[in-house]
Each structure stands twice: as structure tokens, then as C-alpha cells.
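Trainee: Below is the file structure.tsv, which contains TSV, C-alpha atoms.
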chain	number	residue	atom	x	y	z
Z	1	MET	CA	38.48	-74.27	10.52
Z	2	SER	CA	36.08	-71.37	10.95
Z	3	THR	CA	34.02	-70.11	8.05
Z	4	PRO	CA	34.75	-66.45	7.17
Z	5	ALA	CA	31.89	-64.08	7.95
Z	6	THR	CA	29.70	-63.16	5.03
Z	7	VAL	CA	30.22	-59.55	3.99
Z	8	LYS	CA	26.93	-57.76	3.25
Z	9	THR	CA	27.14	-55.17	0.53
Z	10	HIS	CA	24.72	-52.27	0.12
Z	11	ARG	CA	23.18	-52.29	-3.34
Z	12	GLU	CA	22.88	-48.84	-4.87
Z	13	PRO	CA	19.34	-48.04	-6.12
Z	14	LEU	CA	18.77	-48.12	-9.88
Z	15	LEU	CA	17.73	-44.47	-9.95
Z	16	HIS	CA	18.84	-41.85	-7.46
Z	17	THR	CA	18.99	-38.08	-7.15
Z	18	VAL	CA	22.19	-36.11	-7.48
Z	19	LYS	CA	22.84	-32.47	-6.66
Z	20	HIS	CA	23.78	-30.32	-9.63
Z	21	ALA	CA	26.51	-27.76	-9.64
Z	22	GLU	CA	25.01	-24.29	-9.70
Z	23	ARG	CA	23.21	-23.79	-13.01
Z	24	SER	CA	23.67	-20.70	-15.14
Z	25	SER	CA	20.91	-18.09	-15.31
Z	26	ARG	CA	20.14	-19.16	-18.89
Z	27	GLN	CA	19.70	-22.82	-17.87
Z	28	THR	CA	17.49	-21.87	-14.93
Z	29	VAL	CA	15.25	-19.68	-17.09
Z	30	ALA	CA	15.05	-22.41	-19.75
Z	31	LEU	CA	13.99	-25.01	-17.16
Z	32	ARG	CA	11.30	-22.76	-15.75
Z	33	LEU	CA	9.94	-21.87	-19.19
Z	34	ALA	CA	9.88	-25.57	-20.08
Z	35	ALA	CA	7.95	-26.24	-16.85
Z	36	VAL	CA	5.37	-23.59	-17.75
Z	37	ALA	CA	4.97	-25.05	-21.24
Z	38	LEU	CA	4.61	-28.60	-19.90
Z	39	SER	CA	2.12	-27.42	-17.28
Z	40	LEU	CA	-0.05	-25.90	-20.00
Z	41	VAL	CA	0.12	-29.12	-22.02
Z	42	ALA	CA	-0.76	-31.28	-18.99
Z	43	GLY	CA	-3.53	-28.89	-18.04
Z	44	GLY	CA	-4.81	-29.03	-21.61
Z	45	ILE	CA	-4.98	-32.82	-21.45
Z	46	PHE	CA	-7.01	-32.56	-18.25
Z	47	ILE	CA	-9.35	-30.04	-19.87
Z	48	LEU	CA	-9.83	-32.34	-22.86
Z	49	ALA	CA	-10.57	-35.22	-20.48
Z	50	ILE	CA	-13.50	-33.30	-18.98
Z	51	GLY	CA	-14.86	-32.46	-22.45
Z	52	GLN	CA	-13.75	-28.85	-22.88
Z	53	ASN	CA	-11.59	-26.97	-25.38
Z	54	PRO	CA	-8.20	-26.18	-23.78
Z	55	PHE	CA	-7.61	-23.10	-25.93
Z	56	ALA	CA	-11.00	-21.66	-25.03
Z	57	VAL	CA	-10.46	-22.34	-21.33
Z	58	TYR	CA	-6.99	-20.80	-21.25
Z	59	ALA	CA	-8.20	-17.76	-23.19
Z	60	THR	CA	-11.03	-17.36	-20.68
Z	61	ILE	CA	-8.61	-17.51	-17.74
Z	62	VAL	CA	-6.60	-14.59	-19.14
Z	63	LYS	CA	-9.65	-12.69	-20.33
Z	64	GLY	CA	-11.45	-13.27	-17.03
Z	65	ALA	CA	-8.74	-11.48	-15.09
Z	66	PHE	CA	-8.66	-8.45	-17.42
Z	67	ARG	CA	-12.07	-8.31	-19.13
Z	68	SER	CA	-13.26	-5.19	-17.29
Z	69	PRO	CA	-12.03	-2.55	-14.84
Z	70	LEU	CA	-13.85	-4.43	-12.07
Z	71	ALA	CA	-12.12	-7.69	-13.00
Z	72	ILE	CA	-8.72	-5.99	-12.97
Z	73	GLN	CA	-9.49	-4.47	-9.58
Z	74	ALA	CA	-10.51	-7.87	-8.21
Z	75	THR	CA	-7.25	-9.39	-9.49
Z	76	ILE	CA	-5.21	-6.67	-7.81
Z	77	LYS	CA	-7.20	-7.06	-4.58
Z	78	TYR	CA	-6.19	-10.71	-4.43
Z	79	THR	CA	-2.57	-9.84	-5.24
Z	80	ILE	CA	-2.26	-7.48	-2.25
Z	81	PRO	CA	-2.57	-9.92	0.69
Z	82	LEU	CA	-0.79	-12.69	-1.22
Z	83	CYS	CA	2.25	-10.56	-2.00
Z	84	ILE	CA	2.44	-8.96	1.46
Z	85	CYS	CA	2.11	-12.32	3.22
Z	86	ALA	CA	4.80	-13.85	0.97
Z	87	LEU	CA	7.11	-10.97	1.88
Z	88	GLY	CA	6.47	-11.75	5.54
Z	89	VAL	CA	7.38	-15.42	5.36
Z	90	THR	CA	10.40	-14.53	3.21
Z	91	LEU	CA	12.09	-12.91	6.22
Z	92	ALA	CA	11.65	-16.06	8.30
Z	93	PHE	CA	12.65	-18.44	5.49
Z	94	LYS	CA	15.81	-16.42	4.82
Z	95	MET	CA	16.76	-17.26	8.41
Z	96	ARG	CA	15.80	-20.95	7.88
Z	97	PHE	CA	12.98	-20.58	10.39
Z	98	TRP	CA	10.12	-22.47	8.78
Z	99	ASN	CA	7.22	-20.11	9.37
Z	100	ILE	CA	4.12	-21.93	8.10
Z	101	GLY	CA	1.93	-19.56	10.11
Z	102	GLY	CA	1.41	-16.70	7.66
Z	103	GLU	CA	-2.28	-17.55	7.58
Z	104	GLY	CA	-2.69	-17.21	11.36
Z	105	GLN	CA	-0.54	-14.09	11.51
Z	106	LEU	CA	-2.69	-12.48	8.82
Z	107	ILE	CA	-5.83	-13.41	10.75
Z	108	MET	CA	-4.54	-12.00	14.03
Z	109	GLY	CA	-3.54	-8.79	12.28
Z	110	GLY	CA	-7.13	-8.54	11.11
Z	111	VAL	CA	-8.44	-9.29	14.62
Z	112	PHE	CA	-6.36	-6.59	16.29
Z	113	ALA	CA	-7.28	-4.01	13.64
Z	114	SER	CA	-10.97	-4.95	13.79
Z	115	TRP	CA	-11.27	-3.97	17.45
Z	116	PHE	CA	-10.49	-0.36	16.54
Z	117	ALA	CA	-12.64	-0.52	13.40
Z	118	LEU	CA	-15.65	-1.68	15.43
Z	119	PHE	CA	-15.32	0.33	18.62
Z	120	CYS	CA	-13.45	3.53	17.70
Z	121	THR	CA	-15.52	4.68	14.73
Z	122	ASP	CA	-15.71	8.29	15.97
Z	123	TRP	CA	-11.94	8.78	15.72
Z	124	PRO	CA	-10.57	10.98	12.90
Z	125	HIS	CA	-10.25	8.91	9.74
Z	126	PRO	CA	-6.46	9.20	9.23
Z	127	LEU	CA	-5.78	8.48	12.92
Z	128	LEU	CA	-8.10	5.47	12.93
Z	129	LEU	CA	-6.44	3.94	9.85
Z	130	ALA	CA	-2.96	4.56	11.25
Z	131	VAL	CA	-3.87	2.90	14.55
Z	132	MET	CA	-5.48	-0.03	12.71
Z	133	PHE	CA	-2.26	-0.68	10.77
Z	134	VAL	CA	-0.10	-0.40	13.88
Z	135	ALA	CA	-2.45	-2.71	15.79
Z	136	GLY	CA	-2.53	-5.21	12.91
Z	137	ALA	CA	1.26	-5.26	12.71
Z	138	ILE	CA	1.50	-5.81	16.48
Z	139	GLY	CA	-1.13	-8.57	16.40
Z	140	GLY	CA	0.57	-10.44	13.58
Z	141	GLY	CA	3.99	-9.79	15.09
Z	142	LEU	CA	3.03	-11.23	18.48
Z	143	TRP	CA	1.54	-14.29	16.77
Z	144	GLY	CA	4.85	-14.78	14.94
Z	145	LEU	CA	6.92	-14.07	18.04
Z	146	LEU	CA	5.22	-16.80	20.09
Z	147	PRO	CA	6.73	-19.81	18.23
Z	148	ALA	CA	10.09	-18.02	18.12
Z	149	VAL	CA	10.11	-17.72	21.92
Z	150	PHE	CA	9.30	-21.41	22.33
Z	151	LYS	CA	11.93	-22.35	19.73
Z	152	SER	CA	14.60	-20.28	21.45
Z	153	ARG	CA	13.72	-21.46	24.96
Z	154	TRP	CA	12.70	-25.09	24.51
Z	155	ASN	CA	13.75	-25.90	20.91
Z	156	THR	CA	10.21	-26.73	19.81
Z	157	ASN	CA	9.44	-27.59	16.20
Z	158	GLU	CA	8.56	-24.28	14.55
Z	159	THR	CA	6.87	-25.90	11.56
Z	160	LEU	CA	4.24	-27.68	13.68
Z	161	PHE	CA	3.96	-24.78	16.12
Z	162	THR	CA	3.25	-22.14	13.48
Z	163	LEU	CA	0.92	-24.51	11.62
Z	164	MET	CA	-1.19	-25.13	14.74
Z	165	LEU	CA	-1.38	-21.42	15.50
Z	166	ASN	CA	-3.19	-20.94	12.16
Z	167	TYR	CA	-6.14	-22.96	13.41
Z	168	ILE	CA	-6.12	-21.35	16.85
Z	169	ALA	CA	-6.35	-17.93	15.18
Z	170	LEU	CA	-9.25	-19.13	13.06
Z	171	HIS	CA	-11.11	-20.41	16.12
Z	172	ILE	CA	-10.57	-17.07	17.84
Z	173	VAL	CA	-12.45	-15.44	14.96
Z	174	SER	CA	-15.19	-18.07	15.29
Z	175	TRP	CA	-15.51	-17.31	19.01
Z	176	LEU	CA	-15.62	-13.55	18.41
Z	177	GLN	CA	-18.33	-13.72	15.77
Z	178	SER	CA	-20.52	-15.99	17.87
Z	179	GLY	CA	-19.77	-14.24	21.17
Z	180	PRO	CA	-18.34	-10.83	22.13
Z	181	TRP	CA	-18.46	-9.22	18.67
Z	182	ARG	CA	-21.63	-10.89	17.37
Z	183	ASP	CA	-23.82	-8.58	15.33
Z	184	GLU	CA	-27.12	-8.28	17.17
Z	185	GLY	CA	-28.90	-7.25	13.99
Z	186	ALA	CA	-27.88	-10.35	12.05
Z	187	ASN	CA	-31.20	-12.18	12.62
Z	188	GLY	CA	-29.66	-15.09	14.50
Z	189	PHE	CA	-26.62	-15.53	12.26
Z	190	ASN	CA	-23.20	-15.60	13.84
Z	191	LYS	CA	-21.38	-12.76	12.12
Z	192	ILE	CA	-19.54	-9.56	12.90
Z	193	ALA	CA	-21.10	-6.31	11.75
Z	194	ARG	CA	-19.71	-4.47	8.72
Z	195	PHE	CA	-17.28	-1.71	9.51
Z	196	ASP	CA	-18.25	1.92	9.38
Z	197	LYS	CA	-17.02	3.77	6.27
Z	198	ASN	CA	-14.68	5.72	8.53
Z	199	ALA	CA	-12.69	2.49	9.08
Z	200	GLY	CA	-12.42	1.62	5.38
Z	201	LEU	CA	-9.22	2.04	3.37
Z	202	ASP	CA	-9.52	4.82	0.81
Z	203	LYS	CA	-9.44	3.87	-2.86
Z	204	VAL	CA	-6.70	4.94	-5.22
Z	205	LEU	CA	-7.33	4.26	-8.94
Z	206	GLY	CA	-10.36	2.14	-8.04
Z	207	VAL	CA	-8.60	-0.16	-5.54
Z	208	HIS	CA	-8.00	0.40	-1.83
Z	209	PHE	CA	-4.58	1.89	-1.13
Z	210	GLY	CA	-3.30	-1.45	0.14
Z	211	TRP	CA	-1.65	-1.82	-3.26
Z	212	ILE	CA	0.55	1.19	-2.48
Z	213	ILE	CA	1.51	-0.35	0.87
Z	214	MET	CA	2.32	-3.58	-0.99
Z	215	LEU	CA	4.70	-1.80	-3.38
Z	216	VAL	CA	6.36	0.08	-0.51
Z	217	LEU	CA	6.85	-3.17	1.42
Z	218	VAL	CA	8.43	-4.86	-1.62
Z	219	VAL	CA	11.07	-2.11	-1.72
Z	220	LEU	CA	11.54	-2.02	2.06
Z	221	VAL	CA	12.00	-5.80	2.39
Z	222	TRP	CA	14.44	-5.83	-0.53
Z	223	VAL	CA	16.52	-3.02	1.00
Z	224	TYR	CA	16.29	-4.55	4.48
Z	225	LEU	CA	17.59	-7.94	3.36
Z	226	LYS	CA	20.24	-6.67	0.95
Z	227	TYR	CA	21.65	-3.51	2.47
Z	228	THR	CA	21.12	-3.47	6.23
Z	229	LYS	CA	23.13	-4.98	9.06
Z	230	GLN	CA	20.03	-6.79	10.35
Z	231	GLY	CA	19.44	-8.29	6.91
Z	232	TYR	CA	23.03	-9.51	6.82
Z	233	GLU	CA	22.59	-11.08	10.27
Z	234	ILE	CA	19.48	-12.91	9.02
Z	235	SER	CA	21.50	-14.41	6.13
Z	236	VAL	CA	24.36	-15.48	8.39
Z	237	VAL	CA	22.00	-17.10	10.91
Z	238	GLY	CA	20.27	-18.88	8.02
Z	239	GLU	CA	23.57	-20.25	6.73
Z	240	SER	CA	24.87	-21.44	10.11
Z	241	GLN	CA	23.95	-20.48	13.64
Z	242	ASP	CA	27.36	-21.64	14.88
Z	243	THR	CA	29.08	-19.36	12.39
Z	244	ALA	CA	26.80	-16.52	13.45
Z	245	ARG	CA	27.71	-17.03	17.10
Z	246	TYR	CA	31.40	-17.16	16.22
Z	247	ALA	CA	30.98	-13.83	14.39
Z	248	GLY	CA	29.49	-12.30	17.53
Z	249	ILE	CA	25.86	-12.28	16.36
Z	250	HIS	CA	23.23	-12.71	19.08
Z	251	VAL	CA	21.30	-15.55	17.40
Z	252	LYS	CA	18.36	-15.58	19.82
Z	253	LYS	CA	17.84	-11.84	19.39
Z	254	VAL	CA	17.93	-12.17	15.59
Z	255	VAL	CA	15.40	-15.02	15.63
Z	256	LEU	CA	12.96	-13.16	17.90
Z	257	ARG	CA	13.26	-9.88	16.02
Z	258	THR	CA	12.91	-11.47	12.59
Z	259	MET	CA	9.89	-13.56	13.51
Z	260	PHE	CA	8.17	-10.50	14.97
Z	261	LEU	CA	8.79	-8.62	11.71
Z	262	SER	CA	7.68	-11.63	9.66
Z	263	GLY	CA	4.39	-11.83	11.55
Z	264	ALA	CA	3.97	-8.04	11.53
Z	265	ILE	CA	4.13	-7.90	7.73
Z	266	ALA	CA	1.56	-10.70	7.48
Z	267	GLY	CA	-0.55	-8.80	10.00
Z	268	ILE	CA	-0.53	-5.76	7.69
Z	269	ALA	CA	-1.98	-8.03	5.00
Z	270	GLY	CA	-4.78	-8.82	7.46
Z	271	VAL	CA	-5.52	-5.11	7.91
Z	272	CYS	CA	-5.74	-4.70	4.13
Z	273	GLN	CA	-8.22	-7.57	4.02
Z	274	VAL	CA	-10.56	-6.49	6.81
Z	275	GLY	CA	-10.38	-2.74	6.12
Z	276	GLY	CA	-10.01	-2.82	2.35
Z	277	SER	CA	-11.60	-5.85	0.69
Z	278	ASP	CA	-14.08	-7.30	3.22
Z	279	MET	CA	-15.01	-4.35	5.48
Z	280	THR	CA	-15.59	-6.88	8.25
Z	281	LEU	CA	-13.88	-9.75	10.05
Z	282	SER	CA	-15.02	-13.24	9.06
Z	283	MET	CA	-13.85	-16.85	8.98
Z	284	GLY	CA	-12.81	-16.36	5.36
Z	285	VAL	CA	-10.55	-13.39	6.05
Z	286	ALA	CA	-7.40	-15.29	4.98
Z	287	GLY	CA	-8.91	-17.70	2.49
Z	288	GLY	CA	-5.77	-19.82	2.18
Z	289	VAL	CA	-3.61	-16.85	1.20
Z	290	GLY	CA	-1.07	-17.64	3.92
Z	291	PHE	CA	-0.43	-21.12	2.53
Z	292	THR	CA	-0.24	-19.93	-1.09
Z	293	ALA	CA	2.24	-17.27	0.04
Z	294	ILE	CA	4.66	-20.03	1.07
Z	295	ILE	CA	4.63	-21.43	-2.47
Z	296	VAL	CA	5.11	-17.97	-3.95
Z	297	ALA	CA	8.05	-17.19	-1.67
Z	298	TRP	CA	9.84	-20.45	-2.56
Z	299	LEU	CA	9.13	-20.15	-6.28
Z	300	CYS	CA	10.73	-16.70	-6.23
Z	301	GLN	CA	13.74	-17.92	-4.22
Z	302	LEU	CA	12.88	-15.29	-1.58
Z	303	ASN	CA	13.34	-12.42	-4.05
Z	304	PRO	CA	10.92	-9.55	-3.18
Z	305	GLY	CA	10.73	-8.22	-6.75
Z	306	MET	CA	9.89	-11.63	-8.16
Z	307	ILE	CA	7.36	-12.17	-5.37
Z	308	LEU	CA	5.41	-9.16	-6.65
Z	309	VAL	CA	5.37	-10.52	-10.22
Z	310	VAL	CA	4.50	-14.11	-9.30
Z	311	SER	CA	1.82	-13.00	-6.82
Z	312	PHE	CA	0.13	-11.11	-9.64
Z	313	LEU	CA	0.33	-14.15	-11.95
Z	314	PHE	CA	-1.16	-16.34	-9.23
Z	315	SER	CA	-3.96	-13.81	-8.85
Z	316	VAL	CA	-4.65	-13.92	-12.60
Z	317	LEU	CA	-4.90	-17.71	-12.39
Z	318	GLU	CA	-7.18	-17.51	-9.33
Z	319	LYS	CA	-9.50	-14.87	-10.79
Z	320	GLY	CA	-9.53	-16.44	-14.26
Z	321	SER	CA	-10.34	-19.88	-12.84
Z	322	GLY	CA	-13.40	-18.42	-11.14
Z	323	VAL	CA	-14.63	-17.07	-14.49
Z	324	VAL	CA	-14.00	-20.45	-16.12
Z	325	GLN	CA	-16.25	-22.07	-13.51
Z	326	SER	CA	-19.18	-19.83	-14.40
Z	327	GLU	CA	-18.74	-19.67	-18.18
Z	328	PHE	CA	-18.09	-23.38	-18.77
Z	329	GLY	CA	-20.22	-24.75	-15.95
Z	330	LEU	CA	-17.24	-26.47	-14.32
Z	331	SER	CA	-17.22	-27.35	-10.65
Z	332	ALA	CA	-14.87	-25.58	-8.26
Z	333	ASP	CA	-13.00	-28.88	-7.93
Z	334	SER	CA	-12.18	-28.91	-11.64
Z	335	ALA	CA	-10.74	-25.40	-11.46
Z	336	ASP	CA	-8.70	-26.40	-8.40
Z	337	VAL	CA	-7.33	-29.49	-10.18
Z	338	LEU	CA	-6.28	-27.32	-13.14
Z	339	GLN	CA	-4.49	-24.91	-10.83
Z	340	GLY	CA	-2.87	-27.85	-9.04
Z	341	VAL	CA	-1.56	-29.36	-12.30
Z	342	ILE	CA	0.01	-26.06	-13.32
Z	343	LEU	CA	1.55	-25.53	-9.88
Z	344	PHE	CA	2.89	-29.09	-9.79
Z	345	PHE	CA	4.98	-28.59	-12.92
Z	346	ILE	CA	6.22	-25.16	-11.86
Z	347	LEU	CA	7.25	-26.45	-8.44
Z	348	ALA	CA	8.88	-29.50	-10.05
Z	349	SER	CA	11.07	-27.20	-12.11
Z	350	GLU	CA	12.58	-25.86	-8.87
Z	351	PHE	CA	13.64	-29.43	-8.03
Z	352	PHE	CA	15.38	-29.86	-11.38
Z	353	VAL	CA	17.15	-26.51	-10.99
Z	354	ARG	CA	19.03	-28.02	-8.04
Z	355	TYR	CA	18.89	-31.79	-8.58
Z	356	GLY	CA	18.72	-34.42	-11.29
Z	357	PHE	CA	18.34	-38.17	-11.66
Z	358	ALA	CA	21.22	-40.58	-12.30
Z	359	LEU	CA	21.23	-44.29	-13.15
Z	360	ARG	CA	23.13	-46.76	-11.02
Z	361	LYS	CA	26.69	-47.24	-12.20
Z	362	LYS	CA	27.60	-50.70	-13.46
Z	363	GLN	CA	29.63	-52.67	-10.95
Z	364	PRO	CA	32.89	-54.13	-12.26
Z	365	LYS	CA	33.09	-57.90	-12.44
Z	366	GLY	CA	34.26	-59.61	-9.31
Z	367	GLY	CA	33.01	-56.73	-7.17
Z	368	GLN	CA	36.33	-54.88	-7.60
Rewrite the structure from the file as C-alpha cells, please.
Mentor:
Amino acid sequence: MSTPATVKTHREPLLHTVKHAERSSRQTVALRLAAVALSLVAGGIFILAIGQNPFAVYATIVKGAFRSPLAIQATIKYTIPLCICALGVTLAFKMRFWNIGGEGQLIMGGVFASWFALFCTDWPHPLLLAVMFVAGAIGGGLWGLLPAVFKSRWNTNETLFTLMLNYIALHIVSWLQSGPWRDEGANGFNKIARFDKNAGLDKVLGVHFGWIIMLVLVVLVWVYLKYTKQGYEISVVGESQDTARYAGIHVKKVVLRTMFLSGAIAGIAGVCQVGGSDMTLSMGVAGGVGFTAIIVAWLCQLNPGMILVVSFLFSVLEKGSGVVQSEFGLSADSADVLQGVILFFILASEFFVRYGFALRKKQPKGGQ
């Protein structure tokens, strides 16, 4: 008589994640406020651990961003590229195209604009600035279009492709500053000369007019996504490419167009950096803004208005942390850890908006 085969049963884990039904606006706001409060508590514990007063440090962060007109201007200057770059990646993310290349697209926008800033200084000022912005948008757009072409033609992984293009763009800047565009008067240092004043963005209320472009782009991206046919097509493609095709939408065309626009917006951020804040092209032109923009875009659930607000709050944290370093004698690493703790809790809140944890259900006796 044969022995019956042993039936293997899969044991459910003790703790597992479950997807919540859509939370109400009140619950979502409450979770996010709780995350902010917990982040401040956790950050305070870290500050105590390194021998400082949490209340004094937090007060300095806020005061450092607003203590003088110059400090406020510096905070706004950091907000400009962060917000614009986040708007750029928002277009791609809305389409579920994972554009991790905002950093490289910003850099290439700066590279394209810098050619005109360096070699066309005798052009009329308004014409030169207009051409710089067009060139920057084209440079960033082409850098965003490249992975879209490969994705459409050969189904490459856009996350890795856009990520690698960041470093290629950075090495292009390195090559330019040590080769074709090297400043001969730099006493042996590899650097690109400062731009002529004619290529600098004019100041409005003490800050270069990039902040006006930022506000205009916030409105334009919001209108584009919410009220235009192309914005609707982006949403449909993001939900399901098969559905989009069934509805008669040319998916490949939408992907290529949207990625060009995504890169172009990031490229405009690059123009604001090289022509407004730095007045030159350098290896630090992006400074990690492209990566931070990804966090901002996701935190805001791809909402352009919220992106503006959160970008400003990030800038306050960035500027204030720099002041904390100098006033309390903390290392840059300590300030980065504090920022990381705060960001961890805020990002975790987005997980709990959508998911939760559940304990394993008790199995009835006899396995029934």
C-alpha cells in the first residue's frame, strides 16, 4: 500500500503588509503631521546624543534661514533649482517612467547654456538670456529624450539608464573644465572662467529672476497635467499602456514627448544655476539637487503646488543646517544625519498612508 504524499503548506509570516483602502484627507494629514512630530523627537534624541540642546539647534535652523535678507535670498536661491527639477521629474513619474536623471539633465542644461554665456558675450543682453534658456531646455530635453528612445526601441531599463547619464554629464563638465573651456588665467587650476555680467540673470527683489520662472513653471505644469489633452494622455499611459493603446493614444509618441519636456524643465533649472547663482559652470553645478527633487516630487504626490511649498521647506532645512554647523561646531556629517532622520520619518509616513502591518491570523485546529 503506497504512502500518501506529504502535503507542504506555506506558513504565513507573523507580520506582513496590507494595502489600506484609500484614506480620507483628514487621516492623511494627521499621519503626515505625526511623522513630522516624530521626526523632530528622533532628531532631538540624536542632537542630545552628540551633546547639544535640541531646542537651540532647531531654533538655529529656522533662524539661520531667515536671520537676514542675505539668508532669505540664499534660501530662495536653493529653492529655485530644487522646485524646477522636481517639476521636471513629475512629468515623467506621472507617466510611470522612472526618470532618475534630473541631476544629469540639469547639468546638460547648464552646459548648453554656458556655451553661449562664454562665447557670445557681445550679444544684446535680452537676446543672450533668451538663447541661453532655449539652449538649456534643449540640452536637458535631449538628455531626457535619450533614455526614452532606448526604452521605446529596445525596452531598456530607464531607471539605470537615466542614473548612469547623471555621471556621464558630470564627466562632460570635468572634461570641459580641464580641456576646451579651461580658463587660461586660472594659474594651473582646472576651472571654467566666470561669465561676463551680460550673461547673468537680472535680480528681482534681491534674487535672480529664476524665482519668477519657477512660479510660472509651477502654474504651467499644473495646467498642463490637469487641463490639457497631452496631460490626460500622460495619465492614461501611466495607468496602463494597453488601455492607452486601446483608446487610440500613440504611446511611443507620448513617452518621447514627455521625457523631452521632463528633461527640458530640468535643463531650465541648470540655466538658473549657471547664469543666476554660480555665474560659471563647475562640477558642483547640480549639487545633488536632482536626487533631492525625486524625494520632493514623491512626497508631494506629484502635485505642483505642493512641490513649491515642500521645496521651500527643504531649502530652509538645508540652509539652516549649514548655520548649525558653524554656530555649534558640528561636522557636516552631523548635519546630514539630522536631515536624514527627519526625511526618514516623513518618507515613512507616505508608506503608512497606503499600507499598514497586520499580524498573522490564527489557524483553526486541524488545519481546517
Trainee: Out of Z:Trp211, Z:Tyr227, Z:Trp123, Z:Phe55, which residue has the shortest atom-to-atom distance to Ala199 of chain Z when counting only C-alpha atoms?
Mentor: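 Ranking Z:Trp211, Z:Tyr227, Z:Trp123, Z:Phe55 by distance to Ala199 of chain Z, first place goes to Z:Trp123.
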Trainee: Report the distance between atom CA of Ser282 of chain Z and atom CA of Leu87 of chain Z in Å, rounded to one decimal place.
Mentor: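 Interatomic distance here is 23.4 Å.
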Trainee: Pick the closest to Pro147 of chain Z from Z:Ile168, Z:Ile61, Z:Met259, Z:Val337: which is it, counting all atoms listed in the file?
Mentor: Z:Met259
Trainee: Could you tell me which of Z:Ala335, Z:Cys83, Z:Met306, Z:Ile45 comes closest to Gly322 of chain Z if we count all atoms listed in the file?
Mentor: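 When distances to Gly322 of chain Z are compared using all atoms listed in the file, the smallest one comes from Z:Ala335.
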Trainee: Do you have the atom CA of Gly305 of chain Z-atom CA of Asn166 of chain Z distance handy?
Mentor: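 If I compute the distance from atom CA of Gly305 of chain Z to atom CA of Asn166 of chain Z, I get 26.7 Å.
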Trainee: Which residues, written as a PyMOL selection string, have at least one atom at most 12 Å from segment 235-237 of chain Z, with only C-alpha atoms counted and residues fewer than 2 positions away on the same chain left out?
Mentor: chain Z and resi 90-97+224-233+239-255+258+302
Trainee: Report, in Å with one decimal, the straight-line distance from atom CA of Pro180 of chain Z to atom CA of Met132 of chain Z.
Mentor: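 Atom-to-atom, atom CA of Pro180 of chain Z and atom CA of Met132 of chain Z are spaced 19.3 Å apart.
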Trainee: Which residues, written as a list in words, have at least one atom at most 10 Å from Ile268 of chain Z, with all atoms listed in the file counted and residues fewer than 6 positions away on the same chain left out?
Mentor: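 In the requested form, the answer reads Pro81, Ile84, Cys85, Gly88, Gln105, Leu106, Ile107, Met108, Gly109, Gly110, Ala113, Met132, Phe133, Val134, Ala135, Gly136, Ala137, Ile138, Gly139, Gly140, Gly141, Gly210, Ile213 and Met214 of chain Z.
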Trainee: Out of Z:His208, Z:Pro69, Z:Tyr167, Z:Ile80, which residue has the shortest atom-to-atom distance to Val310 of chain Z when counting all atoms listed in the file?
Mentor: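 The closest residue to Val310 of chain Z is Z:Ile80.
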Trainee: Listing only residues of segment 218-284 of chain Z within 8 Å of segment 189-194 of chain Z, what is the closest atom pair and its distance in Å (to one decimal) for each, using only C-alpha atoms, sorted by chain and residue number ascending, as a Markdown table?
Mentor:
| residue | atom | partner | partner_atom | distance |
| --- | --- | --- | --- | --- |
| Z:Met279 | CA | Z:Arg194 | CA | 5.7 |
| Z:Thr280 | CA | Z:Arg194 | CA | 4.8 |
| Z:Leu281 | CA | Z:Ile192 | CA | 6.3 |
| Z:Ser282 | CA | Z:Ile192 | CA | 7.0 |
